[in-house]
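Text of the file data.txt, holding compact mmCIF, C-alpha atoms:
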# COMPACT_ATOMS: atom_id res chain seq x y z
CA MET W 199 83.92 123.24 106.35
CA SER W 200 81.83 125.79 104.46
CA GLU W 201 78.93 124.68 102.31
CA LYS W 202 80.92 125.48 99.19
CA GLU W 203 83.86 123.39 100.34
CA VAL W 204 81.56 120.45 101.08
CA LYS W 205 80.05 120.74 97.58
CA ASN W 206 83.54 120.70 96.15
CA MET W 207 84.55 117.65 98.20
CA GLU W 208 81.37 115.91 97.11
CA ALA W 209 82.14 116.54 93.46
CA ILE W 210 85.64 115.04 93.88
CA PHE W 211 84.12 112.10 95.78
CA ASP W 212 81.48 111.41 93.11
CA GLN W 213 84.15 111.54 90.43
CA LYS W 214 86.29 108.99 92.30
CA ILE W 215 83.38 106.56 92.44
CA ALA W 216 82.53 107.18 88.79
CA ASN W 217 86.17 106.31 87.95
CA ASP W 218 85.81 103.04 89.89
CA GLU W 219 88.29 104.21 92.51
CA LYS W 220 87.73 102.77 95.98
CA ILE W 221 86.83 104.77 99.06
CA GLU W 222 88.88 103.84 102.14
CA PRO W 223 87.83 104.45 105.76
CA LYS W 224 89.90 107.57 106.42
CA ASP W 225 88.99 109.26 103.13
CA TRP W 226 86.52 112.09 103.21
CA MET W 227 82.98 110.89 102.48
CA PRO W 228 79.51 112.46 102.58
CA GLU W 229 77.68 111.78 105.84
CA LYS W 230 74.92 110.03 103.92
CA TYR W 231 77.42 107.64 102.35
CA ARG W 232 78.78 106.79 105.80
CA LYS W 233 75.31 106.28 107.31
CA THR W 234 74.00 104.20 104.41
CA HIS W 235 77.06 101.97 104.55
CA ILE W 236 76.82 101.51 108.30
CA ARG W 237 73.18 100.53 107.84
CA GLN W 238 73.74 98.11 104.98
CA ILE W 239 76.97 96.48 106.22
CA SER W 240 75.62 96.04 109.75
CA GLN W 241 72.34 94.57 108.47
CA HIS W 242 74.42 92.20 106.43
CA ALA W 243 76.55 91.25 109.46
CA HIS W 244 73.48 90.76 111.66
CA SER W 245 71.97 88.49 108.99
CA GLU W 246 75.05 86.28 109.05
CA ILE W 247 74.92 86.02 112.83
CA VAL W 248 71.16 85.41 113.12
CA GLY W 249 71.46 83.12 110.09
CA MET W 250 73.38 80.64 112.25
CA LEU W 251 70.31 79.97 114.39
CA PRO W 252 67.92 78.15 112.01
CA GLU W 253 70.73 75.84 110.87
CA GLY W 254 72.33 75.43 114.28
CA ASN W 255 69.01 73.87 115.23
CA TRP W 256 69.94 70.74 113.21
CA ILE W 257 73.64 70.26 113.99
CA THR W 258 73.03 67.70 116.73
CA ARG W 259 70.54 65.81 114.57
CA ALA W 260 72.32 65.72 111.22
CA PRO W 261 71.68 62.28 109.72
CA SER W 262 75.34 61.29 109.33
CA LEU W 263 78.78 62.37 110.45
CA ARG W 264 79.49 63.65 106.92
CA ARG W 265 76.43 65.89 107.08
CA LYS W 266 77.26 67.00 110.61
CA VAL W 267 80.83 68.15 109.89
CA ALA W 268 79.64 69.96 106.75
CA LEU W 269 76.85 71.74 108.60
CA LEU W 270 79.17 72.66 111.47
CA ALA W 271 81.69 74.09 109.01
CA LYS W 272 78.94 76.03 107.25
CA VAL W 273 77.59 77.55 110.45
CA GLN W 274 81.13 78.42 111.49
CA ASP W 275 81.58 80.16 108.14
CA GLU W 276 78.46 82.25 108.80
CA ALA W 277 80.00 83.36 112.11
CA GLY W 278 83.19 84.24 110.23
CA HIS W 279 81.24 86.21 107.62
CA GLY W 280 79.53 88.14 110.38
CA LEU W 281 82.93 88.98 111.87
CA TYR W 282 84.43 90.13 108.54
CA LEU W 283 81.43 92.38 108.06
CA TYR W 284 81.33 93.78 111.59
CA SER W 285 84.98 94.76 111.36
CA ALA W 286 84.41 96.36 107.93
CA CYS W 287 81.54 98.31 109.48
CA GLU W 288 83.62 99.42 112.46
CA THR W 289 86.07 101.17 110.12
CA LEU W 290 83.26 103.71 109.55
CA GLY W 291 83.55 104.84 113.15
CA ILE W 292 80.85 102.84 114.93
CA SER W 293 81.77 100.47 117.78
CA ARG W 294 81.01 96.76 117.89
CA GLU W 295 79.10 97.36 121.11
CA GLU W 296 76.82 99.89 119.43
CA LEU W 297 76.25 97.52 116.51
CA TYR W 298 75.23 94.71 118.87
CA ASN W 299 72.99 97.09 120.80
CA GLN W 300 71.19 98.00 117.60
CA LEU W 301 70.59 94.32 116.82
CA HIS W 302 69.57 93.34 120.34
CA SER W 303 67.20 96.27 120.83
CA GLY W 304 65.47 95.53 117.53
CA LYS W 305 66.55 98.86 116.04
CA ALA W 306 68.60 97.20 113.32
CA LYS W 307 67.13 94.73 110.87
CA TYR W 308 68.47 91.45 109.57
CA SER W 309 67.34 89.41 106.59
CA SER W 310 63.73 88.32 107.07
CA ILE W 311 64.41 84.87 105.67
CA PHE W 312 65.85 83.82 109.03
CA ASN W 313 62.51 84.37 110.71
CA TYR W 314 61.18 81.18 109.14
CA PRO W 315 61.48 77.90 111.05
CA THR W 316 63.55 74.83 110.15
CA ILE W 317 61.03 72.06 110.74
CA THR W 318 62.66 69.10 108.98
CA TRP W 319 66.14 68.04 107.85
CA ALA W 320 65.13 68.92 104.26
CA ASP W 321 64.96 72.57 105.36
CA ILE W 322 68.74 72.48 105.80
CA GLY W 323 69.02 71.33 102.18
CA ALA W 324 66.58 73.98 100.98
CA ILE W 325 68.38 76.75 102.89
CA GLY W 326 71.74 75.86 101.36
CA TRP W 327 70.30 75.53 97.88
CA LEU W 328 67.85 78.45 97.82
CA VAL W 329 68.79 80.88 100.58
CA ASP W 330 72.53 80.67 99.99
CA GLY W 331 71.86 80.62 96.26
CA ALA W 332 69.93 83.88 96.52
CA ALA W 333 72.57 85.33 98.85
CA ILE W 334 75.33 84.58 96.32
CA ILE W 335 73.42 86.43 93.60
CA ASN W 336 72.98 89.39 95.93
CA GLN W 337 76.60 89.33 97.08
CA VAL W 338 78.69 88.76 93.96
CA PRO W 339 78.09 92.33 92.66
CA LEU W 340 79.16 93.68 96.07
CA CYS W 341 82.70 92.38 95.52
CA SER W 342 83.21 95.46 93.35
CA THR W 343 81.32 97.96 95.49
CA SER W 344 82.94 101.35 96.14
CA PHE W 345 83.78 101.03 99.85
CA GLY W 346 87.09 99.15 100.10
CA PRO W 347 86.64 97.23 103.38
CA TYR W 348 83.15 96.06 102.36
CA ALA W 349 84.33 94.94 98.93
CA ARG W 350 87.29 93.02 100.43
CA ALA W 351 85.04 91.31 102.99
CA MET W 352 82.64 90.32 100.23
CA VAL W 353 85.40 88.76 98.12
CA ARG W 354 86.21 86.47 101.04
CA VAL W 355 82.53 85.74 101.73
CA CYS W 356 81.76 84.86 98.12
CA LYS W 357 84.69 82.45 97.91
CA GLU W 358 83.24 80.52 100.84
CA GLU W 359 79.54 80.62 99.88
CA SER W 360 79.70 78.24 96.97
CA PHE W 361 80.46 75.31 99.27
CA HIS W 362 77.33 76.24 101.21
CA GLN W 363 75.09 76.07 98.20
CA ARG W 364 76.57 72.82 96.94
CA GLN W 365 76.21 71.08 100.33
CA GLY W 366 72.54 72.17 100.40
CA TYR W 367 71.83 70.97 96.90
CA GLU W 368 73.50 67.65 97.65
CA ILE W 369 71.19 67.17 100.65
CA MET W 370 68.19 67.84 98.38
CA LEU W 371 69.54 65.48 95.73
CA THR W 372 69.99 62.66 98.24
CA LEU W 373 66.46 63.11 99.60
CA CYS W 374 64.99 63.27 96.09
CA ASN W 375 66.72 60.00 95.16
CA GLY W 376 65.56 58.37 98.41
CA THR W 377 62.25 56.93 99.58
CA PRO W 378 58.93 58.55 98.55
CA GLU W 379 58.69 60.00 102.07
CA GLN W 380 62.13 61.59 101.73
CA LYS W 381 61.25 63.06 98.37
CA GLU W 382 58.03 64.41 99.82
CA MET W 383 60.04 66.02 102.60
CA ALA W 384 62.22 67.74 99.99
CA GLN W 385 59.12 68.94 98.11
CA ASP W 386 57.62 70.28 101.31
CA ALA W 387 60.78 72.22 102.09
CA LEU W 388 60.82 73.71 98.58
CA ASN W 389 57.15 74.69 99.00
CA ARG W 390 57.90 76.58 102.18
CA TRP W 391 61.21 78.20 101.19
CA TRP W 392 60.55 79.19 97.56
CA TRP W 393 58.55 82.38 98.09
CA PRO W 394 60.53 83.69 101.07
CA SER W 395 63.69 83.14 98.96
CA LEU W 396 62.27 85.32 96.18
CA MET W 397 61.53 88.00 98.77
CA MET W 398 65.22 88.05 99.76
CA PHE W 399 65.89 90.34 96.79
CA GLY W 400 63.76 93.02 98.39
CA PRO W 401 60.74 94.98 97.16
CA THR W 402 60.07 95.43 93.44
CA ASP W 403 62.03 98.20 91.75
CA ASP W 404 59.16 100.68 91.75
CA GLU W 405 58.74 100.17 95.52
CA SER W 406 62.42 100.18 96.45
CA THR W 407 63.41 103.44 98.12
CA HIS W 408 67.19 103.03 98.17
CA THR W 409 67.90 101.68 94.71
CA GLU W 410 68.82 104.88 92.87
CA GLN W 411 71.34 106.18 95.41
CA SER W 412 72.77 102.70 95.97
CA MET W 413 73.34 102.24 92.23
CA LYS W 414 75.26 105.51 92.13
CA TRP W 415 77.53 104.39 94.97
CA LYS W 416 77.89 100.93 93.44
CA LEU W 417 76.35 99.42 96.56
CA LYS W 418 74.05 97.90 94.00
CA ARG W 419 74.94 97.04 90.44
CA LYS W 420 71.68 95.44 89.41
CA THR W 421 68.15 96.17 90.59
CA ASN W 422 66.14 93.91 92.89
CA ASP W 423 63.94 92.72 90.02
CA GLU W 424 66.91 91.91 87.78
CA LEU W 425 68.57 89.86 90.51
CA ARG W 426 65.32 88.06 91.35
CA GLN W 427 64.84 87.14 87.69
CA GLN W 428 68.41 85.85 87.49
CA PHE W 429 67.78 83.66 90.54
CA ILE W 430 64.56 82.20 89.11
CA ASP W 431 66.12 81.55 85.71
CA GLN W 432 69.01 79.61 87.19
CA THR W 433 67.02 77.77 89.87
CA VAL W 434 64.17 76.34 87.76
CA PRO W 435 66.44 73.90 85.86
CA GLN W 436 68.03 72.86 89.18
CA ALA W 437 64.58 71.95 90.53
CA GLU W 438 63.92 69.95 87.37
CA ILE W 439 67.06 67.88 87.98
CA LEU W 440 65.82 67.19 91.51
CA GLY W 441 62.43 66.20 90.09
CA ILE W 442 60.44 68.42 92.44
CA THR W 443 57.98 71.16 91.55
CA ILE W 444 58.33 74.86 92.23
CA PRO W 445 55.09 75.96 93.96
CA ASP W 446 54.07 78.56 91.37
CA LYS W 447 51.38 77.70 88.82
CA ASP W 448 52.19 80.83 86.79
CA LEU W 449 55.83 79.85 86.34
CA LYS W 450 56.60 79.35 82.66
CA TRP W 451 59.33 80.02 80.14
CA ASN W 452 58.77 83.16 78.09
CA GLU W 453 60.48 82.68 74.75
CA GLU W 454 60.17 86.33 73.82
CA ARG W 455 61.74 87.69 77.03
CA GLY W 456 64.24 84.85 77.31
CA HIS W 457 63.24 84.53 80.97
CA TYR W 458 60.78 82.67 83.14
CA ASP W 459 57.53 84.46 83.94
CA PHE W 460 56.45 83.96 87.52
CA GLY W 461 53.46 84.50 89.79
CA LYS W 462 52.68 87.33 92.13
CA ILE W 463 54.74 87.58 95.32
CA ASP W 464 52.79 88.08 98.54
CA TRP W 465 54.33 91.36 99.65
CA ASP W 466 51.96 91.64 102.58
CA GLU W 467 53.65 88.58 104.05
CA PHE W 468 57.06 90.15 103.38
CA TRP W 469 56.19 93.38 105.22
CA GLN W 470 54.59 91.47 108.08
CA VAL W 471 57.81 89.53 108.64
CA VAL W 472 59.96 92.67 108.26
CA LYS W 473 57.80 94.39 110.89
CA GLY W 474 58.44 91.57 113.34
CA HIS W 475 55.39 89.37 112.86
CA GLY W 476 57.07 86.42 111.13
CA PRO W 477 56.92 82.90 112.59
CA CYS W 478 60.24 83.15 114.48
CA ASN W 479 61.17 86.85 114.89
CA LYS W 480 60.74 86.81 118.65
CA ASP W 481 62.45 83.47 119.09
CA ARG W 482 65.49 84.45 117.02
CA LEU W 483 66.09 87.72 118.82
CA GLU W 484 65.59 86.12 122.23
CA THR W 485 68.07 83.35 121.43
CA ARG W 486 70.62 85.87 120.23
CA VAL W 487 70.20 88.21 123.22
CA ASN W 488 70.40 85.27 125.64
CA ALA W 489 73.59 84.00 124.01
CA TRP W 490 75.13 87.44 124.38
CA GLU W 491 74.04 88.00 127.97
CA GLU W 492 74.92 84.52 129.15
CA GLY W 493 78.37 84.94 127.66
CA GLU W 494 79.04 88.16 129.51
CA TRP W 495 80.84 86.53 132.45
CA VAL W 496 83.13 84.72 129.99
CA ARG W 497 84.04 87.96 128.23
CA ASP W 498 84.65 89.70 131.54
CA ALA W 499 86.74 86.82 132.88
CA ALA W 500 88.87 86.79 129.71
CA MET W 501 89.52 90.50 130.09
CA VAL W 502 90.46 90.20 133.77
CA TYR W 503 92.76 87.27 132.95
CA ALA W 504 94.42 89.25 130.15
CA GLU W 505 95.02 92.18 132.49
CA LYS W 506 96.46 89.88 135.16
CA GLN W 507 98.85 88.29 132.65
CA ALA W 508 99.96 91.71 131.43
CA ASP W 509 100.58 92.84 135.03
CA ARG W 510 102.71 89.78 135.70
CA LYS W 511 104.84 90.44 132.67
CA VAL W 512 105.43 94.01 133.80
CA ARG W 513 106.39 92.85 137.30
CA LYS W 514 108.82 90.23 135.98
CA VAL W 515 110.58 92.85 133.88
CA SER W 516 110.90 95.41 136.66
CA MET K 253 55.08 78.25 114.52
CA SER K 254 58.60 77.58 115.63
CA ASP K 255 61.60 75.42 114.84
CA ASN K 256 61.26 71.76 115.56
CA LYS K 257 63.55 71.78 118.57
CA GLU K 258 64.91 68.75 120.37
CA ASN K 259 65.36 70.39 123.74
CA LYS K 260 62.68 71.79 125.89
CA LYS K 261 62.73 75.52 125.66
CA LYS K 262 64.31 77.38 128.50
CA PRO K 263 62.23 80.15 129.98
CA ALA K 264 63.21 83.24 128.04
CA THR K 265 64.87 86.03 129.89
CA HIS K 266 63.00 89.15 128.90
CA SER K 267 65.88 91.40 129.57
CA SER K 268 66.52 94.49 127.56
CA LYS K 269 69.82 94.99 129.32
CA GLY K 270 72.34 96.47 126.94
CA THR K 271 75.91 95.37 126.53
CA THR K 272 77.29 96.79 129.73
CA GLY K 273 80.36 94.57 130.05
CA LYS K 274 82.97 96.03 132.35
CA LYS K 275 85.42 96.44 129.54
CA ASN K 276 85.11 95.65 125.86
CA TRP K 277 87.73 93.49 124.22
CA PRO K 278 90.13 95.70 122.27
CA LEU K 279 90.46 95.64 118.49
CA TRP K 280 93.41 93.90 116.78
CA GLU K 281 94.67 94.13 113.21
CA ILE K 282 95.50 90.79 111.63
CA PHE K 283 98.34 90.17 109.18
CA VAL K 284 98.73 86.80 107.48
CA ARG K 285 101.59 85.32 105.44
CA SER K 286 99.82 83.08 102.95
CA LYS K 287 102.95 81.09 102.14
CA ASN K 288 106.66 81.29 102.73
CA GLY K 289 108.27 83.69 100.30
CA LEU K 290 105.39 86.15 100.53
CA GLU K 291 105.04 89.05 102.95
CA HIS K 292 102.45 89.27 105.71
CA ARG K 293 99.41 91.06 104.35
CA HIS K 294 96.61 92.87 106.21
CA PHE K 295 93.59 90.53 106.30
CA GLY K 296 91.20 92.41 108.56
CA SER K 297 90.58 92.95 112.23
CA LEU K 298 88.88 91.34 115.22
CA HIS K 299 88.27 91.76 118.94
CA ALA K 300 90.14 89.75 121.58
CA ALA K 301 91.07 90.11 125.25
CA ASP K 302 94.81 89.74 124.63
CA ALA K 303 97.39 88.90 121.99
CA ASP K 304 97.20 85.13 122.55
CA MET K 305 93.45 85.15 122.08
CA ALA K 306 93.79 87.43 119.07
CA LEU K 307 96.09 84.85 117.46
CA GLU K 308 93.66 82.02 118.15
CA ASN K 309 90.68 84.00 116.91
CA ALA K 310 92.61 85.06 113.82
CA ARG K 311 93.34 81.41 113.10
CA ASP K 312 89.61 80.63 113.23
CA VAL K 313 88.36 83.74 111.46
CA TYR K 314 90.93 84.21 108.70
CA THR K 315 92.61 80.85 108.04
CA ARG K 316 89.84 78.22 108.02
CA ARG K 317 90.94 77.02 104.57
CA ASN K 318 94.74 77.00 104.76
CA GLU K 319 95.03 80.68 103.86
CA GLY K 320 98.12 81.14 105.99
CA VAL K 321 101.37 79.81 107.45
CA SER K 322 102.06 82.69 109.83
CA ILE K 323 99.96 85.30 111.63
CA TRP K 324 100.87 88.65 113.18
CA VAL K 325 98.47 90.49 115.46
CA VAL K 326 98.86 94.13 116.42
CA GLU K 327 96.53 96.03 118.69
CA SER K 328 94.88 98.61 116.44
CA LYS K 329 95.60 101.52 118.76
CA ASN K 330 99.34 100.94 118.20
CA ILE K 331 99.12 101.70 114.50
CA THR K 332 99.89 105.23 113.37
CA ALA K 333 98.39 106.00 109.99
CA SER K 334 98.97 108.85 107.57
CA ASN K 335 96.05 111.15 106.93
CA PRO K 336 94.63 110.95 103.40
CA GLU K 337 93.79 114.66 103.60
CA HIS K 338 97.53 115.34 103.63
CA ASN K 339 98.26 113.10 100.68
CA GLY K 340 99.36 116.11 98.66
CA GLU K 341 102.34 117.16 100.77
CA MET K 342 102.97 113.54 101.73
CA PHE K 343 103.23 111.88 98.33
CA GLU K 344 103.33 114.49 95.60
CA PRO K 345 107.01 115.38 96.08
CA ALA K 346 107.82 111.96 94.59
CA SER K 347 105.94 112.60 91.37
CA ASP K 348 108.32 115.27 89.96
CA LYS K 349 111.44 113.22 90.58
CA VAL K 350 111.49 111.39 87.30
CA TYR K 351 115.28 110.98 87.57
CA ARG K 352 114.59 108.21 90.07
CA HIS K 353 113.37 106.01 87.24
CA PRO K 354 115.65 104.18 84.80
CA THR K 355 113.76 105.53 81.77
CA PHE K 356 114.96 109.07 82.61
CA TYR K 357 118.42 108.28 81.26
CA ASP K 358 119.01 108.37 77.49
CA LEU K 359 121.38 105.72 76.27
CA PRO K 360 122.08 104.59 72.71
CA ASP K 361 120.25 101.39 71.65
CA ASP K 362 123.60 99.67 71.12
CA VAL K 363 124.23 99.52 74.84
CA LYS K 364 123.08 96.06 75.94
CA HIS K 365 122.34 94.51 79.32
CA MET K 366 121.44 97.77 81.02
Will you turn the file into structure tokens for me?
Amino acid sequence: MSEKEVKNMEAIFDQKIANDEKIEPKDWMPEKYRKTHIRQISQHAHSEIVGMLPEGNWITRAPSLRRKVALLAKVQDEAGHGLYLYSACETLGISREELYNQLHSGKAKYSSIFNYPTITWADIGAIGWLVDGAAIINQVPLCSTSFGPYARAMVRVCKEESFHQRQGYEIMLTLCNGTPEQKEMAQDALNRWWWPSLMMFGPTDDESTHTEQSMKWKLKRKTNDELRQQFIDQTVPQAEILGITIPDKDLKWNEERGHYDFGKIDWDEFWQVVKGHGPCNKDRLETRVNAWEEGEWVRDAAMVYAEKQADRKVRKVS
Amino acid sequence: MSDNKENKKKPATHSSKGTTGKKNWPLWEIFVRSKNGLEHRHFGSLHAADADMALENARDVYTRRNEGVSIWVVESKNITASNPEHNGEMFEPASDKVYRHPTFYDLPDDVKHM
């Protein structure tokens, strides 16, 4: 295609997005659109998959059968979300194998929040309440993003996420209505998860390099700072109901803005964790790579079995 | 710092071996009928070694909350798709055939039930 033709195609493409028309996998798209979507959708998928690890850590020790079945179902949902997203990503012409390679080699990123440890049972409550709460705020606008397969995957994901948040909040509520030690455990979990949850919305708007282009493609509909503010505004009253304190002495309602003001986020910590120096980066990746490598013989055996069955069918027919 | 783990940690295998499985599981397209009376609709895709496994995986991936009463799986390579770049010659011929629509025909208002 000549440069002029590409320009022309780009103009038609931009117009389609401006008209809220969806882009489907086989439609023409600018290379940058394809690459950006592969990056974002795969990061999202990797986050779902790695996100199973901190919670999986507590499945065998859930305090009751009710909690155990709920946590199992939640972790299974995360696996499902990863699969929806990987298959949406594959429609852009990248193989599942390549996507896994990018995760396992450390080339691709996943959400930094999963590099924090789950030390007590209350962490499972805090993750559902705060981490899934933040994820929902990030994900709801993506249900109307421009790339069809991503938008459809997100509709399904969002439908399932609200159970996750409610089960987490219920865990927190039970602990907060329990013994002083249990309430303290809930407070401790809030102390550790609050700031990393705020970081889930990404760098501040003036530091965010992708925002402008992503807004144009409707990969983003609100900026990082807007989403973060929305999360804080809706979470503060939830903490009040629990009767525990958000670990931010600068947090206070601003009548004029109609929002909560909040303290300074430690972005050095954020970048440290992104760069691989968080408390669990190494552990998470190792666990994931081991799971994949130790499952290799199962995948191979399934393939050999499938081929044998197919051969038999052919022989029976002939 | 690390997770409070119940089991003693296994020695980590520091392998950077890529995914060099002999053969990757092929891709399948999944169609689900959400209830009788409705058609099967495309729900997404997944990888599986064969059709039986694709059905089982589809059950777990796409119908965890009673979303379906019937599943079809088709290996993706067996689907032939039209090319959106040829949408002009493919679909435009239909747009100038207004006589295929009931509103094309002028009838007096007195004619009922038609």
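Taking atom CA of Ala260 of chain W and atom CA of Glu438 of chain W as the two end points, the separation is 25.6 Å.
In terms of minimum interatomic distance to His279 of chain W, W:Tyr348 ranks closest within W:Trp495, W:Trp392, W:Phe312, W:Tyr348, counting only C-alpha atoms.
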- Query: Do you know which residues are at most 10 Å from Ser322 of chain K counting only C-alpha atoms, after dropping those on the same chain fewer than 2 positions away, and could you put them as a list in words?
  - Reply: Phe283, Val284, Arg285, Ser286, Lys287, Asn288, Glu291, His292, Leu307, Arg311, Thr315, Glu319, Gly320 and Trp324 of chain K
Expected file: the selected residues, C-alpha atoms, as an mmCIF file, in the frame of the given file:
data_model
loop_
_atom_site.group_PDB
_atom_site.id
_atom_site.type_symbol
_atom_site.label_atom_id
_atom_site.label_comp_id
_atom_site.auth_asym_id
_atom_site.auth_seq_id
_atom_site.Cartn_x
_atom_site.Cartn_y
_atom_site.Cartn_z
ATOM 1 C CA PHE K 283 98.340 90.170 109.180
ATOM 2 C CA VAL K 284 98.730 86.800 107.480
ATOM 3 C CA ARG K 285 101.590 85.320 105.440
ATOM 4 C CA SER K 286 99.820 83.080 102.950
ATOM 5 C CA LYS K 287 102.950 81.090 102.140
ATOM 6 C CA ASN K 288 106.660 81.290 102.730
ATOM 7 C CA GLU K 291 105.040 89.050 102.950
ATOM 8 C CA HIS K 292 102.450 89.270 105.710
ATOM 9 C CA LEU K 307 96.090 84.850 117.460
ATOM 10 C CA ARG K 311 93.340 81.410 113.100
ATOM 11 C CA THR K 315 92.610 80.850 108.040
ATOM 12 C CA GLU K 319 95.030 80.680 103.860
ATOM 13 C CA GLY K 320 98.120 81.140 105.990
ATOM 14 C CA TRP K 324 100.870 88.650 113.180
#
Under the rule of at most 8 Å, produce a per-residue listing of chain W near chain K: chain, number, name, the closest pair of atoms, and the distance in Å, as a Markdown table, using all atoms listed in the file.
| residue | atom | partner | partner_atom | distance |
| --- | --- | --- | --- | --- |
| W:Lys224 | CA | K:Pro336 | CA | 6.6 |
| W:Asp225 | CA | K:Pro336 | CA | 5.9 |
| W:Trp226 | CA | K:Glu337 | CA | 7.7 |
| W:Pro252 | CA | K:Asp255 | CA | 7.4 |
| W:Asn255 | CA | K:Lys257 | CA | 6.7 |
| W:Gly278 | CA | K:Val313 | CA | 5.3 |
| W:Leu281 | CA | K:Leu298 | CA | 7.2 |
| W:Tyr282 | CA | K:Gly296 | CA | 7.1 |
| W:Ser285 | CA | K:Ser297 | CA | 5.9 |
| W:Ala286 | CA | K:Gly296 | CA | 7.9 |
| W:Glu295 | CA | K:Thr271 | CA | 6.6 |
| W:Tyr298 | CA | K:Thr271 | CA | 7.7 |
| W:Asn299 | CA | K:Gly270 | CA | 6.2 |
| W:His302 | CA | K:Gly270 | CA | 7.8 |
| W:Ser303 | CA | K:Ser268 | CA | 7.0 |
| W:Tyr314 | CA | K:Ser254 | CA | 7.9 |
| W:Pro315 | CA | K:Asp255 | CA | 4.5 |
| W:Thr316 | CA | K:Asp255 | CA | 5.1 |
| W:Ile317 | CA | K:Asn256 | CA | 4.8 |
| W:Thr318 | CA | K:Asn256 | CA | 7.2 |
| W:Pro477 | CA | K:Met253 | CA | 5.4 |
| W:Cys478 | CA | K:Ser254 | CA | 5.9 |
| W:Asp481 | CA | K:Ser254 | CA | 7.8 |
| W:Glu484 | CA | K:Ala264 | CA | 6.9 |
| W:Asn488 | CA | K:Thr265 | CA | 7.0 |
| W:Glu491 | CA | K:Thr271 | CA | 7.7 |
| W:Glu494 | CA | K:Gly273 | CA | 6.6 |
| W:Arg497 | CA | K:Trp277 | CA | 7.8 |
| W:Asp498 | CA | K:Lys274 | CA | 6.6 |
| W:Ala500 | CA | K:Ala301 | CA | 6.0 |
| W:Met501 | CA | K:Ala301 | CA | 5.1 |
| W:Ala504 | CA | K:Asp302 | CA | 5.6 |
- Task: Find the residues around Asp423 of chain W up to 8 Å (all atoms listed in the file counted), leave out those fewer than 3 positions away in its own chain, and share them as a ChimeraX atom specification.
- Result: /W:399,402-403,426-427
- Task: List the neighbours of Arg364 of chain W out to 10 Å using all atoms listed in the file; skip same-chain residues closer than 3 positions along the sequence, and give me the result as a PyMOL selection string.
- Result: chain W and resi 323+326-327+330-331+359-361+367-370
- Can you list, as a PyMOL selection string, every protein, DNA or RNA residue that comes within 9 Å of Cys356 of chain W when you count only C-alpha atoms, leaving out same-chain residues fewer than 4 positions away? chain W and resi 334+337-338+341+351-352+360
- Message: Give me, as a ChimeraX atom specification, all polymer residues having an atom no more than 10 Å from segment 461-475 of chain W, counting all atoms listed in the file and skipping those fewer than 2 positions away in the same chain.
- Response: /W:304,307-314,393-394,396-398,400-402,445-450,459,477-480
- Item | Point-to-point distance in Å for atom CA of Gly280 of chain W and atom CA of Ser293 of chain W | 14.6 Å
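Going from atom CA of Ile292 of chain W over to atom CA of Thr234 of chain W, you cover 12.6 Å.
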